[in-house]
file data.txt (compact mmCIF, C-alpha atoms)
# COMPACT_ATOMS: atom_id res chain seq x y z
CA MET O 1 14.31 101.54 -64.84
CA PRO O 2 15.14 97.87 -64.82
CA SER O 3 17.59 96.16 -62.51
CA PRO O 4 18.55 92.57 -61.93
CA ARG O 5 16.29 90.25 -60.00
CA PRO O 6 16.28 89.45 -57.11
CA ALA O 7 17.40 92.94 -56.06
CA ALA O 8 14.17 94.61 -57.11
CA GLY O 9 14.66 97.42 -54.64
CA ARG O 10 17.56 98.70 -56.69
CA ARG O 11 15.19 99.86 -59.38
CA ARG O 12 13.74 102.41 -57.02
CA GLY O 13 17.18 103.96 -56.72
CA ALA O 14 17.66 104.28 -60.44
CA TYR O 15 14.13 105.57 -60.77
CA VAL O 16 14.91 108.71 -58.81
CA LEU O 17 17.75 109.75 -61.05
CA LEU O 18 18.38 112.02 -63.96
CA VAL O 19 21.20 113.00 -66.17
CA GLY O 20 22.47 116.26 -64.82
CA ILE O 21 19.10 117.81 -65.47
CA THR O 22 17.57 119.72 -62.60
CA LEU O 23 14.19 118.14 -62.01
CA ALA O 24 12.53 117.90 -58.64
CA GLY O 25 11.50 114.46 -57.52
CA THR O 26 11.94 111.49 -59.79
CA ILE O 27 13.32 110.59 -63.17
CA ALA O 28 9.86 110.56 -64.60
CA LEU O 29 8.60 113.80 -63.10
CA SER O 30 8.34 115.40 -66.52
CA ALA O 31 5.82 112.72 -67.44
CA PHE O 32 4.23 112.28 -64.01
CA ALA O 33 3.05 115.90 -63.96
CA LEU O 34 1.04 115.54 -67.15
CA GLY O 35 -2.15 114.09 -65.72
CA ARG O 36 -4.71 111.52 -66.71
CA VAL O 37 -5.59 109.83 -69.98
CA ASP O 38 -8.37 112.27 -70.85
CA LEU O 39 -6.00 115.25 -70.90
CA ALA O 40 -4.23 116.59 -73.97
CA MET O 41 -0.96 115.12 -75.22
CA ILE O 42 1.06 117.95 -73.67
CA GLY O 43 4.70 116.92 -73.65
CA GLY O 44 3.83 113.36 -74.63
CA ARG O 45 3.99 113.22 -78.41
CA ILE O 46 6.31 110.57 -79.77
CA PRO O 47 9.15 111.36 -82.20
CA PRO O 48 8.61 109.27 -85.36
CA VAL O 49 11.90 107.42 -84.98
CA ALA O 50 10.96 106.45 -81.41
CA HIS O 51 7.57 105.22 -82.61
CA ASP O 52 9.29 103.16 -85.30
CA ALA O 53 11.60 101.66 -82.65
CA TYR O 54 8.66 100.68 -80.45
CA VAL O 55 6.74 99.15 -83.35
CA ALA O 56 9.82 97.21 -84.51
CA ALA O 57 10.45 95.88 -80.99
CA ALA O 58 6.80 94.88 -80.60
CA ARG O 59 6.88 92.99 -83.87
CA THR O 60 10.08 91.21 -82.84
CA SER O 61 9.04 90.45 -79.27
CA GLY O 62 7.88 86.96 -80.26
CA SER O 63 11.51 86.04 -80.90
CA ILE O 64 12.29 86.54 -77.20
CA THR O 65 10.02 83.70 -76.10
CA ASP O 66 7.16 81.98 -77.89
CA ALA O 67 4.67 83.56 -75.49
CA CYS O 68 6.17 87.06 -75.55
CA ASP O 69 3.76 89.61 -77.01
CA VAL O 70 4.46 93.23 -76.08
CA GLY O 71 2.44 96.00 -77.71
CA TRP O 72 4.13 99.11 -79.02
CA VAL O 73 2.01 101.32 -76.77
CA THR O 74 3.46 99.50 -73.74
CA LEU O 75 6.97 100.35 -74.86
CA ALA O 76 5.86 103.90 -75.67
CA GLY O 77 4.41 104.28 -72.17
CA ILE O 78 7.71 103.17 -70.66
CA GLY O 79 9.66 105.46 -72.98
CA GLN O 80 7.53 108.47 -72.08
CA VAL O 81 7.80 107.96 -68.33
CA GLU O 82 11.50 107.13 -68.35
CA SER O 83 12.80 109.89 -70.61
CA ARG O 84 10.10 111.40 -72.84
CA HIS O 85 11.29 109.04 -75.58
CA GLY O 86 14.89 110.19 -75.26
CA ARG O 87 13.92 113.86 -75.46
CA ILE O 88 14.14 114.52 -71.73
CA ASP O 89 15.10 118.12 -72.45
CA ALA O 90 15.88 120.38 -75.39
CA SER O 91 19.55 119.42 -75.39
CA HIS O 92 18.81 115.82 -76.36
CA SER O 93 18.13 114.66 -79.90
CA ILE O 94 17.46 111.38 -81.67
CA ALA O 95 19.36 110.42 -84.81
CA ALA O 96 17.72 108.62 -87.70
CA ASP O 97 19.22 105.33 -86.50
CA GLY O 98 17.61 105.77 -83.07
CA THR O 99 20.68 106.89 -81.15
CA VAL O 100 19.99 109.45 -78.43
CA SER O 101 22.61 112.11 -77.89
CA PRO O 102 24.10 113.23 -75.68
CA PRO O 103 23.84 109.92 -73.81
CA ILE O 104 21.35 109.94 -70.96
CA ARG O 105 22.95 108.94 -67.66
CA GLY O 106 21.28 108.89 -64.30
CA ARG O 107 22.56 109.92 -60.92
CA ALA O 108 25.31 107.92 -59.33
CA LEU O 109 23.65 105.12 -57.38
CA ASP O 110 25.62 105.97 -54.28
CA GLY O 111 22.88 105.72 -51.66
CA THR O 112 22.20 109.47 -51.51
CA ARG O 113 19.14 111.46 -52.63
CA GLY O 114 16.91 108.42 -52.38
CA THR O 115 19.04 106.10 -54.49
CA GLN O 116 20.13 102.60 -53.63
CA THR O 117 23.82 101.85 -53.20
CA ILE O 118 25.17 100.04 -56.25
CA PRO O 119 28.96 100.19 -56.55
CA ASP O 120 30.41 100.04 -60.05
CA THR O 121 29.88 96.70 -61.82
CA ASP O 122 31.22 97.43 -65.31
CA GLY O 123 34.45 99.37 -64.77
CA GLY O 124 32.66 102.37 -66.24
CA GLN O 125 32.65 100.79 -69.69
CA LEU O 126 28.91 101.14 -70.19
CA ASP O 127 27.82 103.99 -67.93
CA GLY O 128 31.05 106.01 -67.81
CA ASP O 129 31.33 105.85 -64.02
CA GLU O 130 34.09 103.73 -62.47
CA THR O 131 32.86 104.27 -58.91
CA TRP O 132 29.07 103.80 -58.99
CA ASP O 133 26.57 102.35 -61.42
CA ARG O 134 24.22 104.69 -63.26
CA ALA O 135 21.09 104.06 -65.29
CA MET O 136 21.66 104.41 -69.00
CA GLY O 137 19.83 105.49 -72.09
CA PRO O 138 16.26 106.45 -72.96
CA LEU O 139 14.81 103.41 -71.17
CA GLN O 140 17.19 103.61 -68.20
CA PHE O 141 18.93 100.27 -67.74
CA ILE O 142 21.68 99.75 -65.19
CA PRO O 143 24.84 98.00 -66.43
CA THR O 144 24.13 94.59 -64.88
CA THR O 145 20.70 94.45 -66.48
CA TRP O 146 22.04 95.55 -69.84
CA SER O 147 24.86 92.99 -69.68
CA GLU O 148 22.28 90.28 -69.05
CA LEU O 149 19.46 91.32 -71.36
CA GLY O 150 20.80 93.90 -73.83
CA ARG O 151 19.70 93.25 -77.41
CA ASP O 152 20.53 94.55 -80.86
CA GLY O 153 17.21 95.88 -82.11
CA ASN O 154 18.40 97.61 -85.27
CA GLY O 155 20.61 94.84 -86.66
CA ASP O 156 23.88 96.77 -86.62
CA GLY O 157 25.68 94.11 -84.58
CA VAL O 158 25.86 96.21 -81.40
CA ALA O 159 23.57 96.27 -78.38
CA ASP O 160 23.64 99.94 -77.35
CA PRO O 161 21.62 101.23 -74.36
CA ASP O 162 21.62 104.70 -75.93
CA ASN O 163 19.86 103.46 -79.06
CA LEU O 164 16.05 103.41 -78.99
CA TYR O 165 15.76 100.33 -81.23
CA ASP O 166 18.08 98.36 -78.96
CA ALA O 167 16.60 99.72 -75.75
CA ALA O 168 13.01 99.07 -76.84
CA LEU O 169 13.70 95.43 -77.69
CA THR O 170 15.59 95.03 -74.42
CA ALA O 171 12.63 96.48 -72.53
CA ALA O 172 10.38 93.89 -74.18
CA ALA O 173 12.85 91.20 -73.13
CA HIS O 174 12.84 92.49 -69.56
CA LEU O 175 9.05 92.32 -69.37
CA CYS O 176 8.77 88.86 -70.88
CA LEU O 177 11.71 87.22 -69.12
CA ARG O 178 11.36 88.79 -65.68
CA GLU O 179 7.57 88.70 -65.38
CA PRO O 180 6.03 86.65 -68.20
CA GLY O 181 2.29 86.78 -68.65
CA ASP O 182 -0.63 87.71 -70.85
CA TYR O 183 -0.18 91.45 -71.16
CA GLU O 184 -3.70 91.85 -72.52
CA VAL O 185 -4.67 91.27 -68.89
CA ARG O 186 -4.00 94.58 -67.18
CA ASP O 187 -3.05 93.13 -63.80
CA GLN O 188 -0.46 90.87 -65.39
CA LEU O 189 1.01 93.75 -67.37
CA ARG O 190 1.08 95.91 -64.26
CA ARG O 191 3.07 93.21 -62.45
CA ALA O 192 5.55 93.14 -65.32
CA LEU O 193 5.90 96.92 -65.17
CA ILE O 194 6.57 96.75 -61.43
CA ALA O 195 9.24 94.15 -62.18
CA TYR O 196 10.71 96.69 -64.61
CA ASN O 197 10.66 99.43 -61.97
CA ALA O 198 9.59 98.46 -58.48
CA ASP O 199 7.11 101.26 -57.92
CA GLY O 200 3.34 101.07 -58.20
CA GLU O 201 3.00 104.74 -59.12
CA TYR O 202 5.47 104.21 -61.95
CA ALA O 203 3.42 101.29 -63.30
CA ASP O 204 0.21 103.30 -63.11
CA GLU O 205 1.74 106.24 -64.98
CA VAL O 206 2.97 103.91 -67.73
CA LEU O 207 -0.50 102.41 -68.01
CA GLU O 208 -2.10 105.86 -68.24
CA TRP O 209 0.25 106.86 -71.05
CA MET O 210 -0.47 103.58 -72.80
CA ASP O 211 -4.18 104.32 -72.65
CA ARG O 212 -3.60 107.82 -73.92
CA TYR O 213 -1.60 106.61 -76.91
CA ALA O 214 -3.99 103.77 -77.71
CA SER O 215 -7.08 106.00 -77.61
CA ARG O 216 -5.93 108.59 -80.14
CA PRO O 217 -5.32 108.61 -83.90
CA LEU O 218 -1.65 108.19 -84.73
CA ASP O 219 -1.39 111.68 -86.17
CA GLU O 220 -2.31 113.05 -82.74
CA VAL O 221 0.28 110.85 -81.05
CA LEU O 222 3.33 111.48 -83.23
CA GLU O 223 5.41 114.64 -83.23
CA GLU O 224 5.31 116.52 -86.48
CA ILE O 225 8.54 116.03 -88.42
CA GLY O 226 10.83 118.95 -87.75
CA SER O 227 9.22 119.83 -84.42
call {"tool": "encode", "arguments": {"input": "data.txt", "output": "structure tokens"}}
result
Amino acid sequence: MPSPRPAAGRRRGAYVLLVGITLAGTIALSAFALGRVDLAMIGGRIPPVAHDAYVAAARTSGSITDACDVGWVTLAGIGQVESRHGRIDASHSIAADGTVSPPIRGRALDGTRGTQTIPDTDGGQLDGDETWDRAMGPLQFIPTTWSELGRDGNGDGVADPDNLYDAALTAAAHLCLREPGDYEVRDQLRRALIAYNADGEYADEVLEWMDRYASRPLDEVLEEIGS
């Protein structure tokens, strides 16, 4: 979950959060428990609308900077680890326009349960909390990061952290603007992922999911429509 530089340690706080869902450990536990790249795609298939959002953001990433080139599997790896592509549990769904509902909100970043202390920065306008900041949406941005980097990925005139098209393009912007590099070089991509969420285990899990998605035919990666 991204947070503003230079306070990279704040990301660790948002990383250990989850919406009101009882999960032990971290925000990405549902993904972290799934194992290595040679295992089956248990719990990791991508809803078609999420895949479309990642592909669209990857194609548009060159508009962020001339050197920005983010692959869709990178965004898919982030989406899986952060929220299982917006489907963190059975109560969450994704509309055809990419909007995840109900909105995903992380724990209050109040310094408890392993979080950093980040008092409210947006008057609750983005994250709904007027006391503390919370990470938002399927790719888990805190309000200050979204205010700085948030992008309209689906062309509706609104940058919405709860929309996968917007969140995916914003994630690409975070990678390219916070830690630019040649993401074909794994070490450079890993550094960018750590800039996104300051945790080496997080970066490694994203990379494993990337490998898993890249190594399989698309029909094995995507959820069946209606599932």
call {"tool": "closest_atom_pairs", "arguments": {"input": "data.txt", "of": "range 104-160 of chain O", "to": "range 196-219 of chain O", "cutoff": "12 Å", "atoms": "all atoms listed in the file", "output": "Markdown table"}}
result
| residue | atom | partner | partner_atom | distance |
| --- | --- | --- | --- | --- |
| O:Ala135 | CA | O:Asn197 | CA | 11.9 |
| O:Leu139 | CA | O:Tyr196 | CA | 10.2 |
| O:Gln140 | CA | O:Asn197 | CA | 9.9 |
| O:Phe141 | CA | O:Tyr196 | CA | 9.5 |
| O:Ile142 | CA | O:Tyr196 | CA | 11.4 |
| O:Thr145 | CA | O:Tyr196 | CA | 10.4 |
call {"tool": "atom_distance", "arguments": {"input": "data.txt", "atom1": "CA of Leu175 in chain O", "atom2": "CA of Leu189 in chain O"}}
result
8.4 Å
call {"tool": "residues_around", "arguments": {"input": "data.txt", "residues": "Arg59 in chain O", "least_positions_apart": "3", "cutoff": "9 Å", "atoms": "only C-alpha atoms", "output": "count of residues only"}}
result
9
call {"tool": "closest_residue", "arguments": {"input": "data.txt", "among": "O:Asp122, O:Ile88, O:Asp152, O:Gly98", "to": "His51 in chain O", "atoms": "all atoms listed in the file"}}
result
O:Gly98
call {"tool": "atom_distance", "arguments": {"input": "data.txt", "atom1": "CA of Ile64 in chain O", "atom2": "CA of Asp133 in chain O"}}
result
26.5 Å
call {"tool": "atom_distance", "arguments": {"input": "data.txt", "atom1": "CA of Val81 in chain O", "atom2": "CA of Ala168 in chain O"}}
result
13.4 Å
call {"tool": "residues_around", "arguments": {"input": "data.txt", "residues": "Pro47 in chain O", "least_positions_apart": "5", "cutoff": "9 Å", "atoms": "only C-alpha atoms", "output": "compact mmCIF listing (two decimals) with C-alpha atoms, in the frame of the given file"}}
result
# COMPACT_ATOMS: atom_id res chain seq x y z
CA ASP O 52 9.29 103.16 -85.30
CA HIS O 85 11.29 109.04 -75.58
CA ARG O 87 13.92 113.86 -75.46
CA ILE O 94 17.46 111.38 -81.67
CA VAL O 221 0.28 110.85 -81.05
CA LEU O 222 3.33 111.48 -83.23
CA GLU O 223 5.41 114.64 -83.23
CA GLU O 224 5.31 116.52 -86.48
CA ILE O 225 8.54 116.03 -88.42
CA SER O 227 9.22 119.83 -84.42
call {"tool": "closest_residue", "arguments": {"input": "data.txt", "among": "O:Val73, O:Pro143, O:Ala108, O:Ala95", "to": "Thr121 in chain O", "atoms": "all atoms listed in the file"}}
result
O:Pro143
call {"tool": "axis_aligned_box", "arguments": {"input": "data.txt", "around": "range 203-221 of chain O", "padding_each_side": "6 Å", "output": "lines of an AutoDock Vina configuration file"}}
result
center_x = -1.8
center_y = 107.2
center_z = -74.6
size_x = 22.5
size_y = 23.8
size_z = 35.1
call {"tool": "closest_residue", "arguments": {"input": "data.txt", "among": "O:Val185, O:Leu149, O:Ala96, O:Ala67", "to": "Thr170 in chain O", "atoms": "only C-alpha atoms"}}
result
O:Leu149
